[in-house]
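What's in input.csv: CSV, C-alpha atoms
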chain,number,residue,atom,x,y,z
L,13,MET,CA,9.1,-32.2,-26.2
L,14,ILE,CA,9.9,-29.8,-23.4
L,15,LYS,CA,11.1,-27.2,-25.9
L,16,ILE,CA,7.8,-27.5,-27.9
L,17,VAL,CA,5.7,-27.0,-24.8
L,18,LEU,CA,7.8,-23.9,-23.8
L,19,PHE,CA,7.5,-22.5,-27.3
L,20,LEU,CA,3.7,-23.0,-27.3
L,21,THR,CA,3.4,-21.4,-23.9
L,22,SER,CA,5.4,-18.4,-25.0
L,23,LEU,CA,3.4,-18.1,-28.2
L,24,SER,CA,0.1,-18.2,-26.1
L,25,THR,CA,1.4,-15.5,-23.8
L,26,LEU,CA,2.5,-13.4,-26.8
L,27,PHE,CA,-1.0,-13.6,-28.4
L,28,ALA,CA,-2.7,-12.9,-25.1
L,29,GLN,CA,-0.8,-9.5,-24.9
L,30,ILE,CA,-1.8,-8.4,-28.4
L,31,PRO,CA,-4.4,-5.6,-28.0
L,32,ASP,CA,-7.8,-6.0,-29.6
L,33,GLU,CA,-9.4,-3.3,-31.7
L,34,ARG,CA,-10.3,-1.2,-28.6
L,35,GLY,CA,-6.8,-1.6,-27.1
L,36,TYR,CA,-7.7,-4.2,-24.5
L,37,ILE,CA,-5.4,-7.1,-23.7
L,38,VAL,CA,-8.0,-8.7,-21.4
L,39,LYS,CA,-11.3,-10.1,-22.4
L,40,VAL,CA,-14.6,-11.1,-20.9
L,41,GLY,CA,-14.1,-14.3,-18.8
L,42,ASP,CA,-10.6,-13.5,-17.8
L,43,LYS,CA,-9.6,-13.3,-14.1
L,44,LEU,CA,-9.0,-10.0,-12.5
L,45,PRO,CA,-5.2,-9.4,-12.5
L,46,GLU,CA,-3.5,-8.9,-9.1
L,47,PHE,CA,-2.4,-5.4,-8.2
L,48,ILE,CA,-2.5,-2.9,-5.3
L,49,MET,CA,-4.3,0.5,-5.5
L,50,ASP,CA,-3.0,3.4,-3.5
L,51,PHE,CA,-5.4,6.2,-2.6
L,52,PRO,CA,-4.8,9.9,-2.0
L,53,GLU,CA,-6.1,9.5,1.6
L,54,GLY,CA,-3.2,7.1,2.3
L,55,TYR,CA,-4.8,3.7,2.3
L,56,GLN,CA,-4.4,0.8,0.0
L,57,ILE,CA,-6.7,-1.9,-1.6
L,58,ASN,CA,-5.5,-5.2,-2.9
L,59,SER,CA,-7.4,-6.4,-6.0
L,60,LYS,CA,-7.7,-9.8,-4.2
L,61,ASP,CA,-9.8,-8.0,-1.6
L,62,LEU,CA,-12.5,-7.1,-4.2
L,63,LYS,CA,-13.5,-10.8,-4.5
L,64,GLY,CA,-17.0,-11.4,-3.1
L,65,ASN,CA,-18.5,-8.2,-4.4
L,66,VAL,CA,-19.4,-6.8,-7.8
L,67,THR,CA,-16.8,-4.2,-8.7
L,68,MET,CA,-16.6,-1.5,-11.4
L,69,LEU,CA,-13.1,-0.1,-12.2
L,70,GLN,CA,-13.2,3.2,-14.1
L,71,PHE,CA,-9.9,4.4,-15.8
L,72,THR,CA,-9.8,8.2,-15.9
L,73,ALA,CA,-7.6,11.3,-15.8
L,74,SER,CA,-8.3,15.0,-15.3
L,75,TRP,CA,-7.2,15.9,-18.9
L,76,CYS,CA,-9.7,13.4,-20.4
L,77,HIS,CA,-12.7,15.2,-21.8
L,78,VAL,CA,-14.7,12.0,-22.3
L,79,CYS,CA,-14.0,11.0,-18.7
L,80,ARG,CA,-15.4,14.3,-17.5
L,81,GLU,CA,-18.5,13.7,-19.5
L,82,GLU,CA,-19.0,10.2,-18.3
L,83,MET,CA,-18.1,10.5,-14.6
L,84,PRO,CA,-21.2,12.5,-13.5
L,85,HIS,CA,-23.3,9.7,-15.0
L,86,ILE,CA,-21.4,7.1,-13.1
L,87,GLU,CA,-21.9,9.1,-9.9
L,88,LYS,CA,-25.6,9.6,-10.3
L,89,GLU,CA,-26.8,6.5,-12.1
L,90,ILE,CA,-24.5,3.8,-10.7
L,91,TRP,CA,-22.6,4.8,-7.5
L,92,LYS,CA,-25.4,6.7,-5.7
L,93,VAL,CA,-27.9,4.0,-6.7
L,94,TYR,CA,-25.9,0.9,-5.9
L,95,LYS,CA,-23.3,1.8,-3.3
L,96,LYS,CA,-25.5,0.6,-0.4
L,97,VAL,CA,-26.1,-2.8,-2.1
L,98,ASP,CA,-22.4,-3.9,-2.0
L,99,LEU,CA,-21.2,-2.4,-5.3
L,100,ASN,CA,-17.6,-1.3,-5.4
L,101,VAL,CA,-16.9,1.7,-7.8
L,102,ILE,CA,-13.3,2.7,-8.0
L,103,GLY,CA,-11.8,5.2,-10.3
L,104,ILE,CA,-8.1,4.7,-11.3
L,105,ASP,CA,-6.4,7.9,-12.4
L,106,ARG,CA,-3.6,7.8,-14.8
L,107,ASP,CA,-0.3,9.5,-14.0
L,108,GLU,CA,-1.5,12.2,-11.7
L,109,SER,CA,-0.8,13.3,-8.1
L,110,ALA,CA,-3.1,12.9,-5.1
L,111,GLU,CA,-3.6,16.7,-5.1
L,112,VAL,CA,-4.7,16.7,-8.8
L,113,ILE,CA,-7.0,13.8,-8.2
L,114,ASN,CA,-8.7,15.4,-5.3
L,115,LYS,CA,-9.2,18.6,-7.2
L,116,PHE,CA,-10.5,16.7,-10.2
L,117,ALA,CA,-13.0,14.8,-8.1
L,118,LYS,CA,-14.4,18.0,-6.7
L,119,ILE,CA,-14.7,19.6,-10.2
L,120,VAL,CA,-16.6,16.7,-11.7
L,121,LYS,CA,-18.6,16.2,-8.4
L,122,VAL,CA,-17.9,12.5,-7.8
L,123,THR,CA,-17.7,10.9,-4.4
L,124,TYR,CA,-16.6,7.4,-5.3
L,125,PRO,CA,-12.9,6.6,-4.4
L,126,ILE,CA,-10.2,7.3,-7.0
L,127,ALA,CA,-6.9,5.5,-6.9
L,128,LEU,CA,-3.5,6.7,-8.2
L,129,ASP,CA,-1.9,4.9,-11.1
L,130,LEU,CA,1.5,6.6,-11.6
L,131,GLY,CA,3.2,5.1,-14.6
L,132,ALA,CA,-0.1,3.6,-15.7
L,133,ASP,CA,1.1,0.2,-14.5
L,134,ILE,CA,-2.4,-0.8,-13.4
L,135,PHE,CA,-3.9,0.4,-16.7
L,136,ALA,CA,-1.3,-1.7,-18.6
L,137,LEU,CA,-2.6,-4.9,-16.9
L,138,PHE,CA,-5.9,-4.4,-18.9
L,139,ALA,CA,-5.0,-2.5,-22.0
L,140,ASP,CA,-2.1,-1.4,-24.2
L,141,ARG,CA,-0.2,1.3,-22.2
L,142,ASN,CA,-0.4,3.7,-25.2
L,143,SER,CA,-4.2,3.3,-25.8
L,144,GLY,CA,-7.0,5.7,-24.6
L,145,ILE,CA,-8.0,5.7,-21.0
L,146,THR,CA,-11.8,6.1,-21.0
L,147,ARG,CA,-12.7,2.5,-19.9
L,148,ASN,CA,-14.9,0.7,-17.5
L,149,ILE,CA,-14.3,-2.9,-16.3
L,150,ILE,CA,-17.0,-4.8,-14.5
L,151,ILE,CA,-15.9,-7.7,-12.3
L,152,ASP,CA,-18.3,-10.3,-10.8
L,153,PRO,CA,-18.0,-11.6,-7.2
L,154,ASN,CA,-15.9,-14.5,-8.3
L,155,GLY,CA,-13.2,-12.2,-9.7
L,156,LYS,CA,-14.0,-12.7,-13.4
L,157,ILE,CA,-14.3,-9.8,-15.9
L,158,VAL,CA,-17.8,-9.7,-17.3
L,159,PHE,CA,-18.1,-6.4,-19.2
L,160,LEU,CA,-15.7,-3.9,-20.9
L,161,THR,CA,-16.5,-0.5,-22.2
L,162,ARG,CA,-14.6,2.1,-24.3
L,163,LEU,CA,-15.3,5.8,-24.5
L,164,PHE,CA,-18.8,7.0,-23.4
L,165,ASP,CA,-21.5,5.5,-25.6
L,166,PRO,CA,-24.9,5.9,-23.9
L,167,GLU,CA,-26.2,2.6,-25.3
L,168,GLU,CA,-23.1,0.7,-24.0
L,169,PHE,CA,-23.4,2.6,-20.7
L,170,ASN,CA,-27.0,1.5,-20.3
L,171,GLU,CA,-26.0,-2.0,-21.1
L,172,MET,CA,-23.4,-1.8,-18.5
L,173,LYS,CA,-25.9,-0.6,-15.9
L,174,ASN,CA,-28.1,-3.6,-16.7
L,175,VAL,CA,-25.1,-6.0,-16.3
L,176,ILE,CA,-24.3,-4.5,-12.9
L,177,HIS,CA,-27.9,-4.7,-11.8
L,178,SER,CA,-28.2,-8.3,-12.9
L,179,LEU,CA,-25.0,-9.3,-11.0
L,180,LEU,CA,-26.1,-7.6,-7.8
L,181,LEU,CA,-29.6,-9.2,-8.1
L,182,ASN,CA,-28.1,-12.6,-8.6
L,183,GLN,CA,-25.8,-12.1,-5.6
L,184,PHE,CA,-28.8,-11.0,-3.5
L,185,LEU,CA,-30.8,-14.1,-4.5
L,186,GLU,CA,-27.8,-16.3,-3.5
L,187,GLU,CA,-27.7,-14.6,-0.1
L,188,LYS,CA,-31.4,-15.1,0.3
L,189,GLN,CA,-31.1,-18.8,-0.4
L,190,THR,CA,-28.2,-19.1,2.1
L,191,LEU,CA,-30.3,-17.4,4.7
L,192,ALA,CA,-33.2,-19.7,4.1
L,193,ALA,CA,-30.9,-22.7,4.5
L,194,GLN,CA,-29.5,-21.3,7.8
L,195,LYS,CA,-32.9,-20.7,9.1
L,196,GLN,CA,-33.9,-24.3,8.4
L,197,ILE,CA,-30.8,-25.5,10.2
L,198,LEU,CA,-31.7,-23.3,13.2
L,199,LYS,CA,-35.2,-24.7,13.3
L,200,GLU,CA,-33.8,-28.2,13.5
L,201,LEU,CA,-31.3,-27.2,16.2
L,202,LYS,CA,-34.2,-25.7,18.2
L,203,ASN,CA,-36.1,-29.0,18.1
L,204,LYS,CA,-33.1,-31.2,19.0
L,205,SER,CA,-31.0,-29.1,21.5
L,206,ALA,CA,-31.1,-29.3,25.2
L,207,LYS,CA,-32.0,-26.3,27.4
L,208,ASP,CA,-28.4,-25.6,28.3
L,209,LYS,CA,-27.7,-24.7,24.7
L,210,GLN,CA,-30.6,-22.3,24.3
L,211,SER,CA,-28.4,-19.2,24.9
L,212,SER,CA,-26.2,-20.1,21.9
L,213,ILE,CA,-29.3,-20.8,19.8
L,214,ASN,CA,-30.7,-17.4,20.7
L,215,ASP,CA,-27.5,-15.7,19.7
L,216,ILE,CA,-27.6,-17.4,16.3
L,217,GLU,CA,-31.3,-16.5,15.9
L,218,LYS,CA,-30.5,-12.8,16.6
L,219,LYS,CA,-27.8,-12.8,14.0
L,220,LEU,CA,-30.1,-14.4,11.4
L,221,LEU,CA,-32.8,-11.8,12.1
L,222,LEU,CA,-30.3,-9.0,11.6
L,223,LEU,CA,-29.2,-10.5,8.4
L,224,GLU,CA,-32.8,-10.9,7.2
L,225,SER,CA,-33.4,-7.3,8.0
L,226,LYS,CA,-30.4,-6.2,5.9
L,227,LEU,CA,-31.5,-8.4,3.0
L,228,ASN,CA,-35.0,-7.0,3.1
L,229,LEU,CA,-33.5,-3.5,2.9
L,230,LYS,CA,-31.3,-4.6,0.0
L,231,GLU,CA,-34.3,-6.0,-1.8
L,232,ARG,CA,-36.1,-2.7,-1.5
L,233,ARG,CA,-33.1,-0.8,-2.8
L,234,LEU,CA,-32.7,-3.2,-5.8
L,235,SER,CA,-36.4,-2.8,-6.6
L,236,PHE,CA,-36.0,0.9,-6.6
L,237,ALA,CA,-32.9,0.6,-8.8
L,238,GLN,CA,-34.8,-1.6,-11.2
L,239,LYS,CA,-37.3,1.2,-11.8
L,240,LEU,CA,-34.4,3.6,-12.8
L,241,LEU,CA,-33.1,1.3,-15.6

Serialized structure, structure tokens:
Amino acid sequence: MIKIVLFLTSLSTLFAQIPDERGYIVKVGDKLPEFIMDFPEGYQINSKDLKGNVTMLQFTASWCHVCREEMPHIEKEIWKVYKKVDLNVIGIDRDESAEVINKFAKIVKVTYPIALDLGADIFALFADRNSGITRNIIIDPNGKIVFLTRLFDPEEFNEMKNVIHSLLLNQFLEEKQTLAAQKQILKELKNKSAKDKQSSINDIEKKLLLLESKLNLKERRLSFAQKLL
């Protein structure tokens, strides 16, 4: 019985690694694999740290002509529009040095961070190592893959923008609901608490007012982004 279970597990793993028609070995609904990204500036980001925010991973390289065509669109239509509403956009450059990456970013005029991927080990977590690199992967705040692209197709790119906007809007609505619940709790505390606890209540109220101000700004930015879709 144990041998059968092990065989079935191995078989399942084998089929999970077979690339699809676009070279992907992951699919929508899968969890984001764990990996660490090193950046030319010397810092690192662990993929686990991306949880809680909407994230776009963009696989690229300086020698990729399609990437050069797509990246200015990512910069203008996604990064500049959504970077202040908690969207992560991270480029992952295949097999090139920090010096090459920095020069490449200046040439294509992008300002979102680009990580190194020497040996294409990060790329190989998502797609067959020998397949093409022009790919975008959208991850929701729960760490699930929700959208995959290949090459630069304007129709698919626009669909991706809509997916990103929808995820960010849903996240905003959840934050707004949480704020409403916190304000209700604060109201009840105000009615029940003694005077000696008023200072603590005032501190909480200030924090909630600050959060409300940030959410109002986020709402305006999302409304503006909606008009650009």

With a distance cut-off of 9 Å and all atoms listed in the file, select the neighbouring residues of stretch 218-229 of chain L, excluding the residue or stretch itself and same-chain residues fewer than 3 positions from it, and output the selection as a PDB file with C-alpha atoms, in the coordinates of the input.
ATOM      1  CA  VAL L  97     -26.100  -2.800  -2.100  1.00  0.00           C
ATOM      2  CA  PHE L 184     -28.800 -11.000  -3.500  1.00  0.00           C
ATOM      3  CA  GLU L 187     -27.700 -14.600  -0.100  1.00  0.00           C
ATOM      4  CA  LYS L 188     -31.400 -15.100   0.300  1.00  0.00           C
ATOM      5  CA  LEU L 191     -30.300 -17.400   4.700  1.00  0.00           C
ATOM      6  CA  GLN L 194     -29.500 -21.300   7.800  1.00  0.00           C
ATOM      7  CA  LYS L 195     -32.900 -20.700   9.100  1.00  0.00           C
ATOM      8  CA  ILE L 213     -29.300 -20.800  19.800  1.00  0.00           C
ATOM      9  CA  ASN L 214     -30.700 -17.400  20.700  1.00  0.00           C
ATOM     10  CA  ASP L 215     -27.500 -15.700  19.700  1.00  0.00           C
ATOM     11  CA  ARG L 232     -36.100  -2.700  -1.500  1.00  0.00           C
ATOM     12  CA  ARG L 233     -33.100  -0.800  -2.800  1.00  0.00           C
ATOM     13  CA  LEU L 234     -32.700  -3.200  -5.800  1.00  0.00           C
TER      14      LEU L 234
END

Legend entry - Atom-to-atom span, atom CA of L:Thr146 and atom CA of L:Val66, Å: 20.0 Å

Inset, instruction - For stretch 46-61 of chain L, please output as a PyMOL selection string all residues within 9 Å (counting all atoms listed in the file; exclusion window: fewer than 2 positions along the same chain). - result: chain L and resi 44+63-64+104+109-111+113-114+125-129+134+137+155

Write the residues of the preceding selection, restricted to C-alpha atoms, as a JSON list (two decimals), in the coordinates of the input.
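Written file, selection39.json:
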[["chain", "number", "residue", "atom", "x", "y", "z"],
["L", 44, "LEU", "CA", -9.00, -10.00, -12.50],
["L", 63, "LYS", "CA", -13.50, -10.80, -4.50],
["L", 64, "GLY", "CA", -17.00, -11.40, -3.10],
["L", 104, "ILE", "CA", -8.10, 4.70, -11.30],
["L", 109, "SER", "CA", -0.80, 13.30, -8.10],
["L", 110, "ALA", "CA", -3.10, 12.90, -5.10],
["L", 111, "GLU", "CA", -3.60, 16.70, -5.10],
["L", 113, "ILE", "CA", -7.00, 13.80, -8.20],
["L", 114, "ASN", "CA", -8.70, 15.40, -5.30],
["L", 125, "PRO", "CA", -12.90, 6.60, -4.40],
["L", 126, "ILE", "CA", -10.20, 7.30, -7.00],
["L", 127, "ALA", "CA", -6.90, 5.50, -6.90],
["L", 128, "LEU", "CA", -3.50, 6.70, -8.20],
["L", 129, "ASP", "CA", -1.90, 4.90, -11.10],
["L", 134, "ILE", "CA", -2.40, -0.80, -13.40],
["L", 137, "LEU", "CA", -2.60, -4.90, -16.90],
["L", 155, "GLY", "CA", -13.20, -12.20, -9.70]]

Legend entry - Length of the atom CA of L:Asp105 to atom CA of L:Asp133 vector [Å]: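 These atoms are spaced 11.0 Å apart.
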
Could you list, with a cut-off of 12 Å and counting all atoms listed in the file, the residues of stretch 20-79 of chain L near stretch 160-178 of chain L, each shown with its nearest atom pair and the distance in Å rounded to one decimal, rows sorted by chain and ascending number, as a tab-separated table?
residue	atom	partner	partner_atom	distance
L:Asp32	CA	L:Arg162	CA	11.8
L:Glu33	CA	L:Arg162	CA	10.5
L:Arg34	CA	L:Arg162	CA	6.9
L:Gly35	CA	L:Arg162	CA	9.1
L:Tyr36	CA	L:Leu160	CA	8.8
L:Ile37	CA	L:Leu160	CA	11.1
L:Val38	CA	L:Leu160	CA	9.1
L:Lys39	CA	L:Leu160	CA	7.7
L:Val40	CA	L:Leu160	CA	7.3
L:Gly41	CA	L:Leu160	CA	10.7
L:Asp42	CA	L:Leu160	CA	11.3
L:Asn65	CA	L:Ile176	CA	10.9
L:Val66	CA	L:Ile176	CA	7.4
L:Thr67	CA	L:Ile176	CA	8.6
L:Met68	CA	L:Ile176	CA	8.4
L:Leu69	CA	L:Leu160	CA	9.8
L:Gln70	CA	L:Thr161	CA	9.5
L:Phe71	CA	L:Arg162	CA	10.0
L:Thr72	CA	L:Leu163	CA	10.5
L:Cys76	CA	L:Leu163	CA	10.3
L:His77	CA	L:Leu163	CA	10.1
L:Val78	CA	L:Phe164	CA	6.6
L:Cys79	CA	L:Phe164	CA	7.8

Legend entry - Nearest to L:Ile102 by atom-to-atom distance, counting only C-alpha atoms, from L:Ala192, L:Ile149, L:Ala136, L:Leu240: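 Between L:Ala192, L:Ile149, L:Ala136, L:Leu240, the residue approaching L:Ile102 most closely is L:Ile149.
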